[in-house]
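A.B. asks: Take a look at query.pdb, PDB, C-alpha atoms:
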ATOM      1  CA  MET X  17       0.000   0.000   0.000
ATOM      2  CA  GLU X  18       1.339   3.405  -1.027
ATOM      3  CA  LYS X  19       1.788   5.797   1.909
ATOM      4  CA  ILE X  20       1.577   9.561   1.431
ATOM      5  CA  LYS X  21       1.106  12.712   3.493
ATOM      6  CA  CYS X  22      -1.805  14.311   1.635
ATOM      7  CA  LEU X  23      -4.446  12.978  -0.732
ATOM      8  CA  ILE X  24      -6.865  15.262  -2.564
ATOM      9  CA  ILE X  25     -10.060  13.752  -3.975
ATOM     10  CA  GLY X  26     -11.533  15.849  -6.781
ATOM     11  CA  SER X  27     -10.184  18.318  -9.319
ATOM     12  CA  GLY X  28     -12.386  21.398  -9.334
ATOM     13  CA  PRO X  29     -11.374  24.852  -8.050
ATOM     14  CA  ALA X  30     -11.278  23.604  -4.444
ATOM     15  CA  GLY X  31      -9.156  20.565  -5.267
ATOM     16  CA  TYR X  32      -6.652  22.395  -7.446
ATOM     17  CA  THR X  33      -6.289  25.247  -4.946
ATOM     18  CA  ALA X  34      -5.728  22.751  -2.135
ATOM     19  CA  ALA X  35      -3.102  21.101  -4.346
ATOM     20  CA  VAL X  36      -1.238  24.379  -4.943
ATOM     21  CA  TYR X  37      -1.072  25.175  -1.221
ATOM     22  CA  ALA X  38      -0.252  21.606  -0.143
ATOM     23  CA  ALA X  39       2.486  21.262  -2.754
ATOM     24  CA  ARG X  40       4.067  24.582  -1.810
ATOM     25  CA  ALA X  41       4.031  23.438   1.824
ATOM     26  CA  GLY X  42       6.049  20.361   0.907
ATOM     27  CA  LEU X  43       3.263  17.846   1.513
ATOM     28  CA  ASN X  44       3.818  16.151  -1.876
ATOM     29  CA  PRO X  45       0.069  15.863  -2.517
ATOM     30  CA  VAL X  46      -1.495  13.227  -4.728
ATOM     31  CA  MET X  47      -4.722  14.202  -6.490
ATOM     32  CA  ILE X  48      -7.255  11.666  -7.758
ATOM     33  CA  THR X  49      -9.162  13.677 -10.357
ATOM     34  CA  GLY X  50     -12.453  11.818 -10.635
ATOM     35  CA  LEU X  51     -13.969  11.011 -14.018
ATOM     36  CA  LYS X  52     -14.608  14.686 -14.780
ATOM     37  CA  MET X  53     -11.349  16.600 -14.476
ATOM     38  CA  GLY X  54     -12.131  20.214 -13.622
ATOM     39  CA  GLY X  55     -15.569  19.601 -12.117
ATOM     40  CA  GLN X  56     -18.670  21.630 -12.975
ATOM     41  CA  LEU X  57     -16.658  24.395 -14.637
ATOM     42  CA  MET X  58     -15.989  22.017 -17.504
ATOM     43  CA  ASP X  59     -19.671  22.539 -18.410
ATOM     44  CA  THR X  60     -19.400  26.326 -18.152
ATOM     45  CA  THR X  61     -18.793  28.593 -21.112
ATOM     46  CA  GLU X  62     -17.466  32.062 -20.298
ATOM     47  CA  VAL X  63     -16.508  32.887 -16.694
ATOM     48  CA  GLU X  64     -16.460  36.630 -15.993
ATOM     49  CA  ASN X  65     -16.724  36.790 -12.199
ATOM     50  CA  TYR X  66     -13.475  35.104 -11.140
ATOM     51  CA  PRO X  67     -10.780  37.602 -10.046
ATOM     52  CA  GLY X  68      -7.684  37.827 -12.214
ATOM     53  CA  TYR X  69      -9.385  37.322 -15.583
ATOM     54  CA  PRO X  70     -10.379  40.865 -16.643
ATOM     55  CA  ASP X  71     -11.511  39.741 -20.093
ATOM     56  CA  GLY X  72     -13.259  36.607 -18.882
ATOM     57  CA  ILE X  73     -12.224  33.046 -19.637
ATOM     58  CA  MET X  74     -13.860  29.802 -20.729
ATOM     59  CA  GLY X  75     -14.492  27.394 -17.862
ATOM     60  CA  PRO X  76     -12.395  24.507 -19.266
ATOM     61  CA  GLU X  77      -9.533  26.906 -20.053
ATOM     62  CA  MET X  78      -9.573  28.242 -16.495
ATOM     63  CA  MET X  79      -9.433  24.717 -15.098
ATOM     64  CA  GLU X  80      -6.468  23.998 -17.360
ATOM     65  CA  ASP X  81      -4.697  27.006 -15.807
ATOM     66  CA  PHE X  82      -5.496  25.666 -12.331
ATOM     67  CA  ARG X  83      -4.115  22.235 -13.279
ATOM     68  CA  LYS X  84      -0.879  23.661 -14.687
ATOM     69  CA  GLN X  85      -0.308  25.703 -11.545
ATOM     70  CA  ALA X  86      -0.865  22.681  -9.298
ATOM     71  CA  GLU X  87       1.536  20.587 -11.406
ATOM     72  CA  ARG X  88       4.129  23.368 -11.437
ATOM     73  CA  PHE X  89       4.603  22.965  -7.690
ATOM     74  CA  GLY X  90       4.813  19.182  -7.848
ATOM     75  CA  THR X  91       1.282  17.856  -7.361
ATOM     76  CA  ASP X  92       1.016  14.248  -8.548
ATOM     77  CA  ILE X  93      -2.225  14.376 -10.556
ATOM     78  CA  ARG X  94      -3.702  10.974 -11.352
ATOM     79  CA  PHE X  95      -6.764  10.390 -13.491
ATOM     80  CA  GLY X  96      -9.025   7.917 -11.739
ATOM     81  CA  MET X  97     -12.031   7.399  -9.534
ATOM     82  CA  VAL X  98     -11.976   6.811  -5.791
ATOM     83  CA  THR X  99     -14.319   3.855  -5.377
ATOM     84  CA  LYS X 100     -13.909   3.015  -1.686
ATOM     85  CA  VAL X 101     -12.640   4.736   1.445
ATOM     86  CA  ASP X 102     -11.891   3.610   4.984
ATOM     87  CA  LEU X 103     -11.530   6.724   7.103
ATOM     88  CA  LYS X 104     -10.590   6.202  10.724
ATOM     89  CA  GLU X 105      -8.878   8.298  13.372
ATOM     90  CA  GLY X 106      -5.204   8.375  12.372
ATOM     91  CA  GLU X 107      -5.614   5.973   9.450
ATOM     92  CA  HIS X 108      -7.136   6.849   6.083
ATOM     93  CA  LYS X 109      -7.218   4.231   3.330
ATOM     94  CA  ILE X 110      -8.407   5.094  -0.163
ATOM     95  CA  PHE X 111      -9.016   2.656  -3.013
ATOM     96  CA  VAL X 112      -8.941   3.778  -6.656
ATOM     97  CA  ASP X 113     -10.826   2.232  -9.590
ATOM     98  CA  HIS X 114     -11.891  -0.808  -7.525
ATOM     99  CA  ALA X 115      -8.277  -2.010  -7.423
ATOM    100  CA  GLU X 116      -6.733  -3.224  -4.162
ATOM    101  CA  GLU X 117      -3.264  -2.701  -5.641
ATOM    102  CA  ALA X 118      -4.138   0.964  -6.254
ATOM    103  CA  SER X 119      -4.826   1.593  -2.581
ATOM    104  CA  ILE X 120      -3.329   4.569  -0.780
ATOM    105  CA  GLU X 121      -2.827   5.268   2.898
ATOM    106  CA  ALA X 122      -2.860   9.013   3.499
ATOM    107  CA  GLU X 123      -2.117  10.899   6.687
ATOM    108  CA  THR X 124      -4.522  13.627   5.558
ATOM    109  CA  VAL X 125      -7.384  13.592   3.063
ATOM    110  CA  ILE X 126      -8.948  16.657   1.450
ATOM    111  CA  ILE X 127     -12.372  15.919  -0.056
ATOM    112  CA  CYS X 128     -13.326  18.173  -2.971
ATOM    113  CA  THR X 129     -15.785  15.946  -4.817
ATOM    114  CA  GLY X 130     -18.266  18.775  -5.418
ATOM    115  CA  ALA X 131     -21.962  18.585  -6.137
ATOM    116  CA  SER X 132     -23.896  17.842  -9.301
ATOM    117  CA  ALA X 133     -26.754  20.019 -10.514
ATOM    118  CA  LYS X 134     -30.046  18.207 -11.009
ATOM    119  CA  TRP X 135     -31.500  18.449 -14.515
ATOM    120  CA  LEU X 136     -34.887  17.793 -16.073
ATOM    121  CA  GLY X 137     -33.424  15.112 -18.326
ATOM    122  CA  LEU X 138     -34.710  16.508 -21.625
ATOM    123  CA  GLU X 139     -32.602  15.767 -24.689
ATOM    124  CA  SER X 140     -32.872  19.372 -25.862
ATOM    125  CA  GLU X 141     -31.899  20.677 -22.418
ATOM    126  CA  ILE X 142     -28.742  18.559 -22.227
ATOM    127  CA  ARG X 143     -27.782  19.256 -25.858
ATOM    128  CA  LEU X 144     -28.038  23.030 -25.459
ATOM    129  CA  ARG X 145     -26.341  22.910 -22.063
ATOM    130  CA  ASP X 146     -23.368  20.967 -23.386
ATOM    131  CA  ALA X 147     -23.096  23.276 -26.393
ATOM    132  CA  GLY X 148     -23.136  26.399 -24.237
ATOM    133  CA  GLY X 149     -26.348  27.388 -25.982
ATOM    134  CA  GLY X 150     -28.244  29.095 -23.171
ATOM    135  CA  VAL X 151     -29.104  26.370 -20.643
ATOM    136  CA  SER X 152     -27.552  26.902 -17.210
ATOM    137  CA  ALA X 153     -27.870  25.911 -13.568
ATOM    138  CA  CYS X 154     -26.311  29.116 -12.193
ATOM    139  CA  ALA X 155     -27.862  32.560 -12.625
ATOM    140  CA  VAL X 156     -25.046  34.279 -10.738
ATOM    141  CA  CYS X 157     -22.528  32.699 -13.119
ATOM    142  CA  ASP X 158     -24.350  33.282 -16.398
ATOM    143  CA  GLY X 159     -27.132  35.825 -15.822
ATOM    144  CA  PHE X 160     -25.050  38.749 -17.061
ATOM    145  CA  PHE X 161     -25.091  37.345 -20.606
ATOM    146  CA  TYR X 162     -28.892  37.755 -20.741
ATOM    147  CA  LYS X 163     -29.116  41.406 -19.811
ATOM    148  CA  GLY X 164     -32.315  42.926 -21.225
ATOM    149  CA  GLN X 165     -33.536  39.562 -22.532
ATOM    150  CA  ASP X 166     -36.334  37.139 -21.603
ATOM    151  CA  VAL X 167     -35.398  34.026 -19.628
ATOM    152  CA  ALA X 168     -37.045  31.194 -17.692
ATOM    153  CA  VAL X 169     -36.273  29.628 -14.328
ATOM    154  CA  VAL X 170     -37.494  26.111 -13.513
ATOM    155  CA  GLY X 171     -38.076  25.378  -9.829
ATOM    156  CA  ALA X 172     -40.127  26.320  -6.803
ATOM    157  CA  GLY X 173     -37.750  26.337  -3.834
ATOM    158  CA  ASP X 174     -35.626  29.059  -2.265
ATOM    159  CA  THR X 175     -32.843  28.520  -4.803
ATOM    160  CA  ALA X 176     -35.235  28.994  -7.719
ATOM    161  CA  ALA X 177     -36.686  32.096  -6.096
ATOM    162  CA  GLU X 178     -33.211  33.532  -5.524
ATOM    163  CA  GLU X 179     -32.231  32.815  -9.124
ATOM    164  CA  ALA X 180     -35.412  34.433 -10.446
ATOM    165  CA  LEU X 181     -34.943  37.531  -8.271
ATOM    166  CA  TYR X 182     -31.312  37.866  -9.322
ATOM    167  CA  LEU X 183     -32.247  37.588 -12.994
ATOM    168  CA  SER X 184     -35.142  40.037 -12.576
ATOM    169  CA  LYS X 185     -32.579  42.787 -11.967
ATOM    170  CA  LEU X 186     -30.868  42.046 -15.284
ATOM    171  CA  CYS X 187     -33.516  40.673 -17.633
ATOM    172  CA  SER X 188     -36.644  42.119 -19.223
ATOM    173  CA  LYS X 189     -38.844  39.185 -18.212
ATOM    174  CA  VAL X 190     -38.304  36.156 -16.022
ATOM    175  CA  HIS X 191     -40.736  33.289 -16.523
ATOM    176  CA  MET X 192     -40.795  31.092 -13.424
ATOM    177  CA  LEU X 193     -42.010  27.578 -14.231
ATOM    178  CA  VAL X 194     -43.546  25.927 -11.157
ATOM    179  CA  ARG X 195     -44.740  22.329 -11.370
ATOM    180  CA  ARG X 196     -47.421  22.627  -8.671
ATOM    181  CA  ASP X 197     -49.970  25.271  -7.677
ATOM    182  CA  GLU X 198     -47.719  26.507  -4.880
ATOM    183  CA  MET X 199     -44.061  27.186  -4.209
ATOM    184  CA  ARG X 200     -41.831  25.405  -1.710
ATOM    185  CA  ALA X 201     -39.793  28.551  -1.115
ATOM    186  CA  SER X 202     -39.915  30.309   2.252
ATOM    187  CA  LYS X 203     -42.704  32.833   2.715
ATOM    188  CA  ILE X 204     -40.407  35.844   2.511
ATOM    189  CA  MET X 205     -38.880  34.611  -0.752
ATOM    190  CA  GLN X 206     -42.335  34.023  -2.222
ATOM    191  CA  GLU X 207     -43.357  37.554  -1.284
ATOM    192  CA  ARG X 208     -40.294  38.973  -2.999
ATOM    193  CA  VAL X 209     -41.021  36.977  -6.151
ATOM    194  CA  HIS X 210     -44.612  38.200  -6.288
ATOM    195  CA  LYS X 211     -43.527  41.812  -5.762
ATOM    196  CA  ALA X 212     -41.113  41.709  -8.697
ATOM    197  CA  GLU X 213     -43.061  43.173 -11.599
ATOM    198  CA  ASN X 214     -41.099  41.382 -14.322
ATOM    199  CA  ILE X 215     -41.338  37.865 -12.826
ATOM    200  CA  ILE X 216     -44.198  35.890 -14.340
ATOM    201  CA  VAL X 217     -45.081  32.722 -12.417
ATOM    202  CA  HIS X 218     -46.541  29.872 -14.469
ATOM    203  CA  TRP X 219     -48.318  27.497 -12.061
ATOM    204  CA  ASN X 220     -48.847  23.762 -12.698
ATOM    205  CA  THR X 221     -46.313  24.017 -15.500
ATOM    206  CA  GLU X 222     -43.794  21.523 -16.832
ATOM    207  CA  THR X 223     -41.302  21.838 -19.673
ATOM    208  CA  GLN X 224     -41.795  19.582 -22.659
ATOM    209  CA  GLU X 225     -38.854  20.856 -24.654
ATOM    210  CA  VAL X 226     -36.262  23.614 -24.749
ATOM    211  CA  LEU X 227     -36.456  25.122 -28.231
ATOM    212  CA  GLY X 228     -33.514  26.082 -30.432
ATOM    213  CA  ASP X 229     -30.819  24.457 -32.548
ATOM    214  CA  ASP X 230     -27.613  26.276 -31.601
ATOM    215  CA  GLY X 231     -29.044  28.464 -28.849
ATOM    216  CA  VAL X 232     -32.202  28.744 -26.764
ATOM    217  CA  THR X 233     -35.070  30.407 -28.624
ATOM    218  CA  GLY X 234     -37.898  29.383 -26.325
ATOM    219  CA  ALA X 235     -39.550  26.638 -24.314
ATOM    220  CA  ARG X 236     -42.547  24.445 -24.989
ATOM    221  CA  ILE X 237     -44.502  24.116 -21.752
ATOM    222  CA  ILE X 238     -47.609  22.219 -20.669
ATOM    223  CA  ASN X 239     -50.100  22.979 -17.942
ATOM    224  CA  ASN X 240     -50.406  19.658 -16.115
ATOM    225  CA  LYS X 241     -53.955  20.490 -14.987
ATOM    226  CA  THR X 242     -55.539  21.647 -18.257
ATOM    227  CA  GLN X 243     -53.038  19.884 -20.607
ATOM    228  CA  GLU X 244     -52.771  23.136 -22.550
ATOM    229  CA  VAL X 245     -49.497  23.371 -24.488
ATOM    230  CA  SER X 246     -47.896  26.713 -25.276
ATOM    231  CA  GLU X 247     -44.549  28.189 -26.267
ATOM    232  CA  ILE X 248     -42.736  31.129 -24.707
ATOM    233  CA  PRO X 249     -39.878  32.960 -26.464
ATOM    234  CA  LEU X 250     -36.636  32.928 -24.452
ATOM    235  CA  THR X 251     -32.901  33.256 -24.876
ATOM    236  CA  GLY X 252     -31.919  31.718 -21.535
ATOM    237  CA  PHE X 253     -33.212  28.675 -19.638
ATOM    238  CA  PHE X 254     -32.117  28.255 -15.999
ATOM    239  CA  VAL X 255     -32.724  25.005 -14.116
ATOM    240  CA  ALA X 256     -32.918  25.454 -10.331
ATOM    241  CA  ILE X 257     -34.289  22.188  -9.015
ATOM    242  CA  GLY X 258     -31.415  21.482  -6.659
ATOM    243  CA  HIS X 259     -27.953  19.942  -6.413
ATOM    244  CA  LYS X 260     -26.789  16.555  -5.174
ATOM    245  CA  PRO X 261     -23.484  16.547  -3.268
ATOM    246  CA  ASN X 262     -21.142  13.764  -4.371
ATOM    247  CA  THR X 263     -20.818  12.202  -0.932
ATOM    248  CA  ASP X 264     -22.248   8.669  -1.232
ATOM    249  CA  LEU X 265     -18.715   7.340  -0.773
ATOM    250  CA  PHE X 266     -18.487   8.775   2.747
ATOM    251  CA  LYS X 267     -21.840   7.714   4.203
ATOM    252  CA  GLY X 268     -21.533   6.145   7.631
ATOM    253  CA  MET X 269     -18.107   7.693   8.202
ATOM    254  CA  LEU X 270     -18.460  11.458   7.886
ATOM    255  CA  ASP X 271     -21.168  13.682   9.342
ATOM    256  CA  MET X 272     -23.644  14.981   6.766
ATOM    257  CA  ASP X 273     -26.760  17.123   6.784
ATOM    258  CA  ASN X 274     -30.148  15.871   5.616
ATOM    259  CA  ASN X 275     -29.274  16.633   1.993
ATOM    260  CA  GLY X 276     -25.932  14.811   2.068
ATOM    261  CA  TYR X 277     -23.594  17.800   2.322
ATOM    262  CA  LEU X 278     -20.540  17.192   4.502
ATOM    263  CA  ILE X 279     -20.643  19.027   7.817
ATOM    264  CA  THR X 280     -17.470  20.881   8.745
ATOM    265  CA  LYS X 281     -16.641  22.468  12.075
ATOM    266  CA  PRO X 282     -17.390  26.216  12.295
ATOM    267  CA  ASP X 283     -14.812  28.450  10.584
ATOM    268  CA  THR X 284     -12.816  25.417   9.394
ATOM    269  CA  THR X 285     -12.920  22.683   6.773
ATOM    270  CA  SER X 286     -12.416  19.948   9.390
ATOM    271  CA  THR X 287     -14.822  17.016   9.366
ATOM    272  CA  ASN X 288     -15.649  14.819  12.358
ATOM    273  CA  ILE X 289     -12.574  12.655  11.661
ATOM    274  CA  ALA X 290      -9.169  14.162  12.433
ATOM    275  CA  GLY X 291      -7.032  14.673   9.342
ATOM    276  CA  VAL X 292     -10.000  14.655   6.964
ATOM    277  CA  TYR X 293     -11.090  17.962   5.431
ATOM    278  CA  ALA X 294     -13.780  19.048   2.978
ATOM    279  CA  GLY X 295     -13.734  22.012   0.610
ATOM    280  CA  GLY X 296     -15.923  23.401  -2.153
ATOM    281  CA  ASP X 297     -19.472  22.496  -3.112
ATOM    282  CA  VAL X 298     -19.316  19.168  -1.277
ATOM    283  CA  GLN X 299     -19.785  21.151   1.957
ATOM    284  CA  ASP X 300     -21.220  24.436   0.629
ATOM    285  CA  HIS X 301     -24.873  24.515  -0.339
ATOM    286  CA  VAL X 302     -25.164  28.309  -0.024
ATOM    287  CA  TYR X 303     -22.678  30.060  -2.324
ATOM    288  CA  ARG X 304     -21.542  27.387  -4.807
ATOM    289  CA  GLN X 305     -19.096  29.689  -6.601
ATOM    290  CA  ALA X 306     -15.655  28.893  -8.010
ATOM    291  CA  VAL X 307     -14.042  31.622  -5.927
ATOM    292  CA  THR X 308     -15.558  30.409  -2.636
ATOM    293  CA  ALA X 309     -14.632  26.821  -3.500
ATOM    294  CA  ALA X 310     -11.040  27.910  -4.104
ATOM    295  CA  GLY X 311     -11.047  29.683  -0.736
ATOM    296  CA  THR X 312     -12.077  26.558   1.144
ATOM    297  CA  GLY X 313      -9.509  24.521  -0.795
ATOM    298  CA  CYS X 314      -6.851  26.901   0.522
ATOM    299  CA  MET X 315      -8.228  26.552   4.063
ATOM    300  CA  ALA X 316      -8.208  22.744   3.861
ATOM    301  CA  ALA X 317      -4.567  22.606   2.731
ATOM    302  CA  LEU X 318      -3.450  24.992   5.470
ATOM    303  CA  GLU X 319      -5.321  22.957   8.087
ATOM    304  CA  ALA X 320      -3.801  19.721   6.766
ATOM    305  CA  GLU X 321      -0.322  21.252   6.939
ATOM    306  CA  ARG X 322      -0.847  22.369  10.554
ATOM    307  CA  TYR X 323      -2.297  18.976  11.519
ATOM    308  CA  LEU X 324       0.730  17.161  10.121
ATOM    309  CA  ALA X 325       3.139  19.567  11.828
ATOM    310  CA  ALA X 326       1.395  19.016  15.169
ATOM    311  CA  ARG X 327       1.544  15.217  14.738
ATOM    312  CA  GLU X 328       5.223  15.345  13.889
ATOM    313  CA  PHE X 329       5.919  17.481  16.956
ATOM    314  CA  GLU X 330       4.015  15.020  19.179
ATOM    315  CA  LEU X 331       5.961  12.061  17.794
ATOM    316  CA  GLU X 332       9.293  13.805  18.268
ATOM    317  CA  ASN X 333       8.474  14.675  21.850
ATOM    318  CA  ALA X 334       6.725  11.455  22.847
TER
END
As structure tokens, what does this structure read like?
C.D. replies:
Amino acid sequence: MEKIKCLIIGSGPAGYTAAVYAARAGLNPVMITGLKMGGQLMDTTEVENYPGYPDGIMGPEMMEDFRKQAERFGTDIRFGMVTKVDLKEGEHKIFVDHAEEASIEAETVIICTGASAKWLGLESEIRLRDAGGGVSACAVCDGFFYKGQDVAVVGAGDTAAEEALYLSKLCSKVHMLVRRDEMRASKIMQERVHKAENIIVHWNTETQEVLGDDGVTGARIINNKTQEVSEIPLTGFFVAIGHKPNTDLFKGMLDMDNNGYLITKPDTTSTNIAGVYAGGDVQDHVYRQAVTAAGTGCMAALEAERYLAAREFELENA
């Protein structure tokens, strides 16, 4: 079994930032990328709200910059999937690609496995999303591109309400597509939605298809009570039906909230097991931004470095 000081699981902004800090601290980190190197930003077109890129940058290109910086300082980046973990106090075993011979024993583990946006599952939605054609799961990330245009938001919870309100300040019209005859959002968020003059709520409404070949031109919707089908012209289609944190691997070992997000101690990235840290969207269900993910990746690496230094001091003075 390979023994290392620091293992990073995941290769989004949090993982790469943790790698930069851990490598510069001499921890010789190993990163297991996951099947999607770069995380959710690999599905993002232009990023304009990350500091240091005054002209904006494509999501995949930004992740390539992150990777190069991590490698520059000596991070051992390995493409693979962590398929099993055994996290115990003082002993962390990680298994890659179901192979016992690819097992690693790490003194510290930084979990940056992120979260995956939930989608409707429509062929047209996925096609236009993957082509950067106007389908998004993040209004804060992409709303600016639809200034003065008509867009739709699918969802009925607080996240959907927040997305709709954010877009209402930029867009001419925001069509909010709600599957039932009521919203799940908190009362105060519902009141704000109803007060916004340019938010139009479509009750009992489901999306049949996102229209457009190369970019969104509209949506075909159906009222699930009357079965009436109609089309609304749009240039942007935002899906806000929730995210699923990628934490199934850690169930029964690490503390999680009711939605599966890892719980970290206040003002830290420390989990309930010493030497195990979590950064990025895997523990953040509030902000979910590249810059905040990078910040927690930095925190996790610094905490791992201090943990290892304290252990070494204890051993030397035992």
A.B. asks: On this structure, which residues satisfy the PyMOL selection byres ((chain X and resi 169) around 8), written as a list of chain:residue names?
C.D. replies: X:Val167, X:Ala168, X:Val170, X:Gly171, X:Ala176, X:Glu179, X:Ala180, X:Val190, X:His191, X:Met192, X:Leu193, X:Phe253, X:Phe254, X:Val255, X:Ala256
A.B. asks: Taking all atoms listed in the file into account, name the residue in X:Gly106, X:Gly276, X:Gly311, X:Gly268 that is nearest to Gly295 in chain X.
C.D. replies: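 Of X:Gly106, X:Gly276, X:Gly311, X:Gly268, the one nearest Gly295 in chain X is X:Gly311, counting all atoms listed in the file.
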A.B. asks: Using only C-alpha atoms, find the one residue out of X:Val217, X:Ile238, X:Ile257, X:Ala155 that sits nearest to Leu186 in chain X.
C.D. replies: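 Checking each of X:Val217, X:Ile238, X:Ile257, X:Ala155 against Leu186 in chain X, counting only C-alpha atoms, the winner is X:Ala155.
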A.B. asks: When the PyMOL selection byres ((chain X and resi 278) around 9) is applied to the structure above, which residues does it catch, written out as a compact mmCIF listing (two decimals) with C-alpha atoms, keeping the file's coordinate frame?
C.D. replies:
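Written file, part-v5.txt:
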# COMPACT_ATOMS: atom_id res chain seq x y z
CA PRO X 261 -23.48 16.55 -3.27
CA THR X 263 -20.82 12.20 -0.93
CA PHE X 266 -18.49 8.78 2.75
CA LEU X 270 -18.46 11.46 7.89
CA ASP X 271 -21.17 13.68 9.34
CA MET X 272 -23.64 14.98 6.77
CA ASP X 273 -26.76 17.12 6.78
CA GLY X 276 -25.93 14.81 2.07
CA TYR X 277 -23.59 17.80 2.32
CA ILE X 279 -20.64 19.03 7.82
CA THR X 280 -17.47 20.88 8.74
CA THR X 287 -14.82 17.02 9.37
CA ALA X 294 -13.78 19.05 2.98
CA VAL X 298 -19.32 19.17 -1.28
CA GLN X 299 -19.78 21.15 1.96
CA ASP X 300 -21.22 24.44 0.63
A.B. asks: Given the file above and the PyMOL selection byres ((chain X and resi 159) around 12), which residues are selected, and can you give them as number ranges by chain?
C.D. replies: X: 62-65, 150-158, 160-169, 179-188, 190, 251-254
A.B. asks: Now that the selection is made, can you save its residues with C-alpha atoms as a PDB file, in the coordinates of the input?
C.D. replies:
ATOM      1  CA  GLU X  62     -17.466  32.062 -20.298  1.00  0.00           C
ATOM      2  CA  VAL X  63     -16.508  32.887 -16.694  1.00  0.00           C
ATOM      3  CA  GLU X  64     -16.460  36.630 -15.993  1.00  0.00           C
ATOM      4  CA  ASN X  65     -16.724  36.790 -12.199  1.00  0.00           C
ATOM      5  CA  GLY X 150     -28.244  29.095 -23.171  1.00  0.00           C
ATOM      6  CA  VAL X 151     -29.104  26.370 -20.643  1.00  0.00           C
ATOM      7  CA  SER X 152     -27.552  26.902 -17.210  1.00  0.00           C
ATOM      8  CA  ALA X 153     -27.870  25.911 -13.568  1.00  0.00           C
ATOM      9  CA  CYS X 154     -26.311  29.116 -12.193  1.00  0.00           C
ATOM     10  CA  ALA X 155     -27.862  32.560 -12.625  1.00  0.00           C
ATOM     11  CA  VAL X 156     -25.046  34.279 -10.738  1.00  0.00           C
ATOM     12  CA  CYS X 157     -22.528  32.699 -13.119  1.00  0.00           C
ATOM     13  CA  ASP X 158     -24.350  33.282 -16.398  1.00  0.00           C
ATOM     14  CA  PHE X 160     -25.050  38.749 -17.061  1.00  0.00           C
ATOM     15  CA  PHE X 161     -25.091  37.345 -20.606  1.00  0.00           C
ATOM     16  CA  TYR X 162     -28.892  37.755 -20.741  1.00  0.00           C
ATOM     17  CA  LYS X 163     -29.116  41.406 -19.811  1.00  0.00           C
ATOM     18  CA  GLY X 164     -32.315  42.926 -21.225  1.00  0.00           C
ATOM     19  CA  GLN X 165     -33.536  39.562 -22.532  1.00  0.00           C
ATOM     20  CA  ASP X 166     -36.334  37.139 -21.603  1.00  0.00           C
ATOM     21  CA  VAL X 167     -35.398  34.026 -19.628  1.00  0.00           C
ATOM     22  CA  ALA X 168     -37.045  31.194 -17.692  1.00  0.00           C
ATOM     23  CA  VAL X 169     -36.273  29.628 -14.328  1.00  0.00           C
ATOM     24  CA  GLU X 179     -32.231  32.815  -9.124  1.00  0.00           C
ATOM     25  CA  ALA X 180     -35.412  34.433 -10.446  1.00  0.00           C
ATOM     26  CA  LEU X 181     -34.943  37.531  -8.271  1.00  0.00           C
ATOM     27  CA  TYR X 182     -31.312  37.866  -9.322  1.00  0.00           C
ATOM     28  CA  LEU X 183     -32.247  37.588 -12.994  1.00  0.00           C
ATOM     29  CA  SER X 184     -35.142  40.037 -12.576  1.00  0.00           C
ATOM     30  CA  LYS X 185     -32.579  42.787 -11.967  1.00  0.00           C
ATOM     31  CA  LEU X 186     -30.868  42.046 -15.284  1.00  0.00           C
ATOM     32  CA  CYS X 187     -33.516  40.673 -17.633  1.00  0.00           C
ATOM     33  CA  SER X 188     -36.644  42.119 -19.223  1.00  0.00           C
ATOM     34  CA  VAL X 190     -38.304  36.156 -16.022  1.00  0.00           C
ATOM     35  CA  THR X 251     -32.901  33.256 -24.876  1.00  0.00           C
ATOM     36  CA  GLY X 252     -31.919  31.718 -21.535  1.00  0.00           C
ATOM     37  CA  PHE X 253     -33.212  28.675 -19.638  1.00  0.00           C
ATOM     38  CA  PHE X 254     -32.117  28.255 -15.999  1.00  0.00           C
TER      39      PHE X 254
END
A.B. asks: Counting all atoms listed in the file, which residues of range 272-323 of chain X fall within 10 Å of range 38-58 of chain X, and what is the closest atom pair for each with its distance in Å at one decimal, ordered by chain and rising number, as JSON lines?
C.D. replies:
{"residue": "X:Asp297", "atom": "CA", "partner": "X:Gln56", "partner_atom": "CA", "distance": 9.9}
{"residue": "X:Gln305", "atom": "CA", "partner": "X:Leu57", "partner_atom": "CA", "distance": 9.9}
{"residue": "X:Ala306", "atom": "CA", "partner": "X:Leu57", "partner_atom": "CA", "distance": 8.1}
{"residue": "X:Gly313", "atom": "CA", "partner": "X:Ala38", "partner_atom": "CA", "distance": 9.7}
{"residue": "X:Cys314", "atom": "CA", "partner": "X:Ala38", "partner_atom": "CA", "distance": 8.5}
{"residue": "X:Ala316", "atom": "CA", "partner": "X:Ala38", "partner_atom": "CA", "distance": 9.0}
{"residue": "X:Ala317", "atom": "CA", "partner": "X:Ala38", "partner_atom": "CA", "distance": 5.3}
{"residue": "X:Leu318", "atom": "CA", "partner": "X:Ala38", "partner_atom": "CA", "distance": 7.3}
{"residue": "X:Glu319", "atom": "CA", "partner": "X:Ala38", "partner_atom": "CA", "distance": 9.8}
{"residue": "X:Ala320", "atom": "CA", "partner": "X:Ala38", "partner_atom": "CA", "distance": 8.0}
{"residue": "X:Glu321", "atom": "CA", "partner": "X:Ala41", "partner_atom": "CA", "distance": 7.1}
A.B. asks: With all atoms listed in the file as the counted atoms, please give the residues lying no more than 7 Å from Thr223 in chain X, apart from itself and same-chain residues fewer than 4 positions off, as an MDAnalysis selection string.
C.D. replies: chainID X and resid 235:238
A.B. asks: For the contact check between range 197-299 of chain X and range 99-103 of chain X, emit one row per residue of range 197-299 of chain X within 10 Å, containing the shortest atom pair and the distance in Å rounded to one decimal, counting all atoms listed in the file, chain then rising number order, as a tab-separated table.
C.D. replies:
residue	atom	partner	partner_atom	distance
X:Leu265	CA	X:Lys100	CA	6.5
X:Phe266	CA	X:Val101	CA	7.2
X:Met269	CA	X:Leu103	CA	6.7
X:Leu270	CA	X:Leu103	CA	8.4
X:Ile289	CA	X:Leu103	CA	7.6
X:Ala290	CA	X:Leu103	CA	9.5
X:Gly291	CA	X:Leu103	CA	9.4
X:Val292	CA	X:Leu103	CA	8.1
